[in-house]
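*Asks:* Input file: query.cif. Contents: mmCIF, C-alpha atoms.
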```cif
data_upload
#
loop_
_atom_site.label_atom_id
_atom_site.label_comp_id
_atom_site.auth_asym_id
_atom_site.auth_seq_id
_atom_site.Cartn_x
_atom_site.Cartn_y
_atom_site.Cartn_z
CA MET A 1 153.86 55.51 -122.13
CA PRO A 2 152.58 54.84 -118.55
CA ILE A 3 154.68 56.10 -115.66
CA PHE A 4 154.27 52.84 -113.66
CA SER A 5 154.09 49.42 -115.05
CA TRP A 6 151.29 47.06 -114.07
CA LYS A 7 153.69 45.21 -111.79
CA ALA A 8 154.79 48.41 -110.04
CA LYS A 9 151.19 49.48 -109.52
CA ARG A 10 150.41 46.15 -107.93
CA GLN A 11 153.37 46.48 -105.60
CA LEU A 12 152.20 49.95 -104.55
CA VAL A 13 148.70 48.66 -103.78
CA VAL A 14 150.08 45.82 -101.68
CA PHE A 15 152.46 48.18 -99.89
CA GLY A 16 149.62 50.64 -99.14
CA ALA A 17 147.43 47.85 -97.79
CA LEU A 18 150.23 46.73 -95.49
CA ILE A 19 150.67 50.30 -94.20
CA LEU A 20 146.90 50.60 -93.51
CA ALA A 21 146.84 47.23 -91.76
CA GLY A 22 149.81 48.18 -89.62
CA ALA A 23 148.22 51.50 -88.71
CA ALA A 24 145.00 49.70 -87.75
CA VAL A 25 146.94 47.30 -85.51
CA ILE A 26 148.81 50.16 -83.85
CA ALA A 27 145.54 52.08 -83.26
CA TYR A 28 143.92 48.97 -81.76
CA LEU A 29 146.86 48.34 -79.44
CA ALA A 30 146.83 52.00 -78.39
CA PHE A 31 143.10 51.73 -77.66
CA LEU A 32 143.71 48.69 -75.47
CA ALA A 33 146.53 50.46 -73.67
CA VAL A 34 144.30 53.37 -72.62
CA PRO A 35 142.49 52.41 -69.39
CA GLU A 36 138.71 52.65 -69.34
CA ALA A 37 137.47 55.84 -67.73
CA THR A 38 136.04 55.26 -64.24
CA CYS A 39 135.03 57.32 -61.23
CA PHE A 40 138.18 56.19 -59.41
CA ASP A 41 140.97 56.93 -61.91
CA ASN A 42 142.00 60.31 -60.45
CA ARG A 43 141.23 62.02 -63.76
CA GLN A 44 138.60 64.52 -64.83
CA ASN A 45 137.11 62.73 -67.81
CA GLN A 46 133.83 61.24 -69.09
CA GLY A 47 131.97 64.51 -68.54
CA GLU A 48 132.91 64.86 -64.85
CA GLU A 49 132.57 68.27 -63.15
CA GLY A 50 135.66 67.62 -61.04
CA VAL A 51 138.17 64.83 -60.56
CA ASP A 52 136.10 61.64 -60.17
CA CYS A 53 132.96 63.58 -59.22
CA GLY A 54 129.97 65.02 -61.01
CA GLY A 55 128.52 63.84 -64.32
CA PRO A 56 128.20 60.03 -64.19
CA CYS A 57 130.02 59.92 -60.83
CA THR A 58 128.99 60.90 -57.31
CA PRO A 59 128.20 64.63 -57.06
CA CYS A 60 131.14 66.86 -56.10
CA LEU A 61 131.21 67.75 -52.40
CA ALA A 62 131.75 71.43 -53.18
CA ASN A 63 128.41 71.55 -55.01
CA LEU A 64 126.29 69.96 -52.28
CA SER A 65 123.42 71.87 -50.72
CA GLU A 66 123.39 72.81 -47.04
CA PRO A 67 121.30 70.94 -44.43
CA VAL A 68 117.56 71.62 -44.69
CA VAL A 69 115.69 73.10 -41.71
CA LEU A 70 112.35 71.27 -41.71
CA TRP A 71 111.03 73.26 -38.76
CA SER A 72 112.26 75.41 -35.90
CA ARG A 73 110.51 76.19 -32.59
CA PHE A 74 111.20 77.83 -29.25
CA PHE A 75 109.78 76.61 -25.95
CA GLN A 76 109.47 78.59 -22.73
CA LEU A 77 111.15 76.96 -19.74
CA GLY A 78 110.62 79.74 -17.23
CA GLU A 79 110.34 83.50 -16.90
CA GLY A 80 112.66 84.95 -19.52
CA LEU A 81 114.18 81.51 -20.19
CA TYR A 82 113.71 79.57 -23.41
CA GLU A 83 115.13 76.73 -25.44
CA ALA A 84 115.28 76.53 -29.23
CA ALA A 85 114.78 73.39 -31.29
CA ALA A 86 115.23 72.71 -34.99
CA PHE A 87 114.53 69.57 -36.99
CA ILE A 88 117.21 69.14 -39.64
CA GLU A 89 117.52 66.92 -42.71
CA ASN A 90 120.58 65.93 -44.72
CA ILE A 91 119.25 64.94 -48.14
CA HIS A 92 122.60 63.49 -49.31
CA ASN A 93 122.92 59.74 -48.79
CA PHE A 94 126.69 59.67 -49.38
CA ALA A 95 127.94 62.74 -47.50
CA ALA A 96 128.60 63.43 -43.83
CA ALA A 97 130.07 66.28 -41.79
CA ASP A 98 132.14 65.65 -38.68
CA ARG A 99 131.67 69.22 -37.46
CA ALA A 100 128.81 71.43 -38.58
CA PHE A 101 128.60 74.90 -37.07
CA TYR A 102 125.37 76.82 -36.64
CA ARG A 103 123.85 79.80 -34.84
CA VAL A 104 120.40 79.89 -33.23
CA LYS A 105 118.69 83.31 -32.95
CA LEU A 106 115.56 84.52 -31.15
CA TYR A 107 113.73 87.65 -32.36
CA ASP A 108 111.00 89.75 -30.77
CA ALA A 109 107.86 91.19 -32.39
CA ASN A 110 109.90 94.08 -33.82
CA ASN A 111 112.29 91.60 -35.48
CA ILE A 112 115.04 92.61 -33.06
CA LEU A 113 117.55 89.96 -32.09
CA ILE A 114 117.15 89.31 -28.36
CA SER A 115 119.20 86.15 -27.82
CA GLN A 116 121.53 83.92 -29.78
CA ARG A 117 123.73 80.88 -29.33
CA ALA A 118 126.48 79.33 -31.43
CA GLY A 119 126.80 75.56 -31.51
CA GLU A 120 128.09 72.61 -33.44
CA THR A 121 126.96 69.09 -34.26
CA TYR A 122 127.76 66.25 -36.63
CA ILE A 123 125.70 65.25 -39.65
CA ASN A 124 125.23 61.71 -40.96
CA PRO A 125 124.22 60.74 -44.50
CA ALA A 126 120.47 60.75 -45.27
CA GLU A 127 119.57 61.68 -41.71
CA ARG A 128 116.91 63.67 -39.91
CA PHE A 129 117.96 64.88 -36.47
CA LEU A 130 117.19 67.39 -33.75
CA ILE A 131 119.25 70.37 -32.69
CA LEU A 132 118.33 71.61 -29.21
CA GLU A 133 119.79 74.68 -27.51
CA PRO A 134 118.53 75.23 -23.94
CA GLY A 135 119.13 78.14 -21.59
CA LEU A 136 118.46 81.09 -23.89
CA PHE A 137 117.84 84.17 -21.72
CA THR A 138 115.73 87.04 -23.03
CA GLY A 139 115.00 88.98 -19.83
CA GLU A 140 111.68 90.82 -20.11
CA ARG A 141 111.59 90.59 -23.91
CA LYS A 142 109.34 88.00 -25.53
CA PRO A 143 110.48 86.02 -28.57
CA VAL A 144 108.11 85.47 -31.47
CA ARG A 145 110.46 83.87 -33.98
CA VAL A 146 113.50 81.60 -34.02
CA SER A 147 115.97 80.93 -36.82
CA ILE A 148 118.94 78.64 -37.27
CA GLU A 149 121.76 79.43 -39.71
CA PHE A 150 124.49 77.00 -40.75
CA GLU A 151 128.00 77.97 -41.72
CA PRO A 152 129.15 76.42 -45.02
CA THR A 153 129.31 72.70 -44.36
CA ARG A 154 132.55 70.80 -44.93
CA TRP A 155 131.19 67.56 -46.36
CA ARG A 156 133.06 64.28 -46.76
CA TYR A 157 132.10 61.05 -48.48
CA ALA A 158 130.86 58.49 -45.97
CA ASP A 159 129.23 55.07 -45.75
CA TYR A 160 126.78 54.96 -42.88
CA ALA A 161 124.34 52.39 -41.56
CA LYS A 162 121.85 53.76 -39.06
CA PRO A 163 122.15 51.97 -35.70
CA ASN A 164 119.41 49.38 -35.20
CA ILE A 165 118.06 50.89 -31.99
CA LEU A 166 114.46 50.05 -31.12
CA VAL A 167 112.17 52.04 -28.83
CA VAL A 168 110.33 49.38 -26.84
CA ARG A 169 108.55 51.56 -24.26
CA ARG A 170 107.47 55.17 -23.66
CA ASP A 171 106.05 56.39 -20.34
CA PHE A 172 105.11 60.06 -19.92
CA THR A 173 103.83 61.79 -16.80
CA LEU A 174 102.99 65.38 -15.88
CA THR A 175 103.24 64.94 -12.12
CA PRO A 176 105.03 65.96 -10.04
CA SER A 177 106.89 67.47 -13.04
CA PRO A 178 106.92 66.62 -16.75
CA ARG A 179 109.02 63.51 -17.29
CA LEU A 180 109.44 60.94 -20.04
CA SER A 181 110.92 57.49 -19.54
CA VAL A 182 112.00 55.66 -22.71
CA THR A 183 113.35 52.12 -22.96
CA ILE A 184 115.59 51.45 -25.95
CA ARG A 185 117.15 48.21 -27.17
CA ASN A 186 120.18 47.65 -29.34
CA ALA A 187 118.79 45.14 -31.85
CA GLY A 188 121.98 45.14 -33.89
CA SER A 189 124.91 42.73 -33.73
CA ALA A 190 127.48 45.35 -32.74
CA ASP A 191 127.98 47.41 -29.61
CA ARG A 192 127.18 51.10 -30.01
CA ALA A 193 128.89 54.05 -28.35
CA ASN A 194 128.45 57.82 -28.17
CA LEU A 195 124.72 57.71 -28.79
CA GLN A 196 122.58 60.85 -28.74
CA ALA A 197 118.89 60.38 -27.96
CA SER A 198 116.27 63.06 -28.64
CA ALA A 199 112.62 63.11 -27.59
CA ILE A 200 110.06 65.38 -29.30
CA LEU A 201 106.58 65.92 -27.86
CA LEU A 202 103.88 66.41 -30.52
CA ASP A 203 100.34 67.75 -30.23
CA ALA A 204 97.28 66.45 -32.11
CA ALA A 205 98.23 68.50 -35.18
CA GLY A 206 101.73 67.00 -35.27
CA ASN A 207 103.42 70.19 -34.05
CA ALA A 208 106.32 70.01 -31.62
CA TYR A 209 105.73 71.73 -28.28
CA GLY A 210 108.54 70.25 -26.22
CA ALA A 211 111.89 68.54 -26.70
CA SER A 212 114.72 67.09 -24.67
CA GLN A 213 118.00 65.26 -25.25
CA THR A 214 120.30 62.90 -23.41
CA ALA A 215 123.50 60.99 -24.12
CA VAL A 216 124.28 57.28 -23.88
CA GLU A 217 127.97 56.40 -23.64
CA GLU A 218 127.54 52.75 -24.63
CA LEU A 219 124.81 50.27 -25.48
CA ARG A 220 125.94 46.71 -26.01
CA ALA A 221 124.40 44.47 -28.65
CA GLY A 222 121.12 43.03 -27.39
CA ALA A 223 121.08 45.23 -24.29
CA GLU A 224 118.34 47.62 -23.13
CA ARG A 225 118.64 50.98 -21.45
CA VAL A 226 116.08 53.24 -19.77
CA LEU A 227 116.47 56.91 -20.71
CA SER A 228 114.98 59.80 -18.76
CA PHE A 229 113.88 63.12 -20.26
CA SER A 230 112.56 65.92 -18.08
CA TRP A 231 111.23 69.48 -18.22
CA PRO A 232 110.82 72.21 -15.59
CA THR A 233 107.46 72.36 -13.83
CA GLY A 234 105.03 74.31 -15.98
CA ALA A 235 107.08 74.07 -19.17
CA VAL A 236 104.90 71.21 -20.46
CA THR A 237 101.28 71.19 -19.32
CA THR A 238 99.52 68.71 -21.61
CA GLU A 239 99.91 65.06 -22.51
CA PRO A 240 101.52 64.55 -25.93
CA SER A 241 99.48 62.98 -28.73
CA ALA A 242 102.68 61.40 -30.05
CA ILE A 243 106.32 61.16 -29.04
CA ASP A 244 109.18 60.94 -31.52
CA VAL A 245 112.36 59.37 -30.21
CA LEU A 246 115.50 59.67 -32.35
CA VAL A 247 118.77 57.88 -31.63
CA ARG A 248 121.93 58.63 -33.57
CA THR A 249 125.68 58.12 -33.49
CA PRO A 250 128.45 59.68 -35.63
CA ALA A 251 129.27 58.06 -38.97
CA PRO A 252 132.68 56.33 -38.86
CA ARG A 253 135.59 57.96 -40.65
#
```
Render the structure in this file as structure tokens.
*Replies:*
Amino acid sequence: MPIFSWKAKRQLVVFGALILAGAAVIAYLAFLAVPEATCFDNRQNQGEEGVDCGGPCTPCLANLSEPVVLWSRFFQLGEGLYEAAAFIENIHNFAAADRAFYRVKLYDANNILISQRAGETYINPAERFLILEPGLFTGERKPVRVSIEFEPTRWRYADYAKPNILVVRRDFTLTPSPRLSVTIRNAGSADRANLQASAILLDAAGNAYGASQTAVEELRAGAERVLSFSWPTGAVTTEPSAIDVLVRTPAPR
């Protein structure tokens, strides 16, 4: 004799179907209740390396590479007096540093350190810029090599639009002393403040053989300003084949 009648079996099937349907509804509602993973949910999910960074999100700041030194040079300003220049690149288009610390070192032919200087600068996203350290004394010792070393950079996420500063004129002269006059124009719609302007003199091979910097406190929208760069007599003795002029300002916080 069967344990369950046909009617009881049918009731069990219906009851089981209702349980499965209810479970499906509960699972669906639970799925809807869970927010979609994003790069702004303050959670480490969706294959992220940290909270809201890495994986499909913006790279984590702790994993970013240091600034790249594209070239470094030293220039003689006088007897036993030099300046060091380095052209730096930040390859990250989303990261800035408000304070970046570095050390410039001059070495002689025996690889002995003969002069050094500590300094700091700021770094904007996706930027190439010049570091210039003048007044390095070496006495009677002659440098043959210069290096620049950065301390670990404390990056932050930043949005940055390069100021729309145009170079409209360059005038260079060797007499009575090397001097460069540059006219810049603020072609943007906003006033700019705390500008740093750098000039790099290049020979026919594209190598830097002189550099100088100056500061501009403010440049109003649409305005022009004449900047002057100078070198000691004898420090620069030939006309440049090209002149690079770079103008920068710190990325806003």
*Asks:* For A:Val236, which residue among A:Leu77, A:Leu166, A:Ala205, A:Leu219 is the nearest when counting only C-alpha atoms?
*Replies:*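 Nearest to A:Val236: A:Leu77.
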*Asks:* A:Val216: which residues within 7 Å, counting all atoms listed in the file, same-chain residues fewer than 3 positions away excluded, as number ranges by chain?
*Replies:* A: 194-196
*Asks:* Rank A:Lys142, A:Arg192, A:Arg225, A:Lys105 by their smallest atom-to-atom distance to A:Val167, using only C-alpha atoms, and report the top residue only.
*Replies:*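 Of the candidates, the smallest distance to A:Val167 is held by A:Arg225.
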*Asks:* Please provide the set of residues having any atom within 12 Å of A:Ala215, restricted to only C-alpha atoms, with same-chain residues fewer than 5 positions apart removed, written as an mmCIF file with C-alpha atoms, in the coordinates of the input.
*Replies:*
```cif
data_model
loop_
_atom_site.group_PDB
_atom_site.id
_atom_site.type_symbol
_atom_site.label_atom_id
_atom_site.label_comp_id
_atom_site.auth_asym_id
_atom_site.auth_seq_id
_atom_site.Cartn_x
_atom_site.Cartn_y
_atom_site.Cartn_z
ATOM 1 C CA ALA A 193 128.890 54.050 -28.350
ATOM 2 C CA ASN A 194 128.450 57.820 -28.170
ATOM 3 C CA LEU A 195 124.720 57.710 -28.790
ATOM 4 C CA GLN A 196 122.580 60.850 -28.740
ATOM 5 C CA ALA A 197 118.890 60.380 -27.960
ATOM 6 C CA SER A 198 116.270 63.060 -28.640
ATOM 7 C CA ALA A 199 112.620 63.110 -27.590
ATOM 8 C CA ARG A 225 118.640 50.980 -21.450
ATOM 9 C CA VAL A 226 116.080 53.240 -19.770
ATOM 10 C CA LEU A 227 116.470 56.910 -20.710
ATOM 11 C CA SER A 228 114.980 59.800 -18.760
ATOM 12 C CA PHE A 229 113.880 63.120 -20.260
ATOM 13 C CA LEU A 246 115.500 59.670 -32.350
ATOM 14 C CA VAL A 247 118.770 57.880 -31.630
ATOM 15 C CA ARG A 248 121.930 58.630 -33.570
ATOM 16 C CA THR A 249 125.680 58.120 -33.490
#
```
*Asks:* Applying the PyMOL selection byres ((chain A and resi 75) around 9) to the file I just gave you, which residues come out? Please list them as a count of residues only.
*Replies:* 13
*Asks:* I need the output of the PyMOL selection byres ((chain A and resi 65) around 12) for this file as a list in words; which residues are they?
*Replies:* Pro59, Cys60, Leu61, Ala62, Asn63, Leu64, Glu66, Pro67, Val68, Val69, Glu89, Asn90, Ile91, His92, Ala95, Phe150, Glu151, Pro152, Thr153, Arg154 and Trp155 of chain A
*Asks:* Any idea what's packed within 12 Å of A:Ile112, counting only C-alpha atoms, ignoring anything in its chain fewer than 3 positions away? Could you give it as a list of chain:residue names?
*Replies:*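 Result of the neighbour search: A:Lys105, A:Leu106, A:Tyr107, A:Asp108, A:Ala109, A:Ser115, A:Gln116, A:Thr138, A:Arg141, A:Lys142, A:Pro143, A:Val144, A:Arg145, A:Val146.
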*Asks:* Distance atom CA of A:Ala37-atom CA of A:Pro56, one decimal place?
*Replies:* 10.8 Å
*Asks:* May I have the residues at most 12 Å from (106.3, 58.0, -29.0) in the file's coordinates, counting all atoms listed in the file, as a PyMOL selection string?
*Replies:* chain A and resi 166-172+180-184+198-203+206+239-246
*Asks:* Show which residues sit within 8 Å of A:Leu70, as a list in words. Count all atoms listed in the file, and ignore same-chain residues fewer than 4 positions away.
*Replies:* Ala86, Phe87, Ile88 and Glu89 of chain A
*Asks:* What is the distance, in Å and to one decimal place, between atom CA of A:Gly119 and atom CA of A:Thr237?
*Replies:*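 Interatomic distance here is 28.6 Å.
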*Asks:* With only C-alpha atoms as the atoms that count, which of A:Gly135, A:Glu140, A:Asp98, A:Ala208 lies nearest to A:Thr121?
*Replies:*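 When distances to A:Thr121 are compared using only C-alpha atoms, the smallest one comes from A:Asp98.
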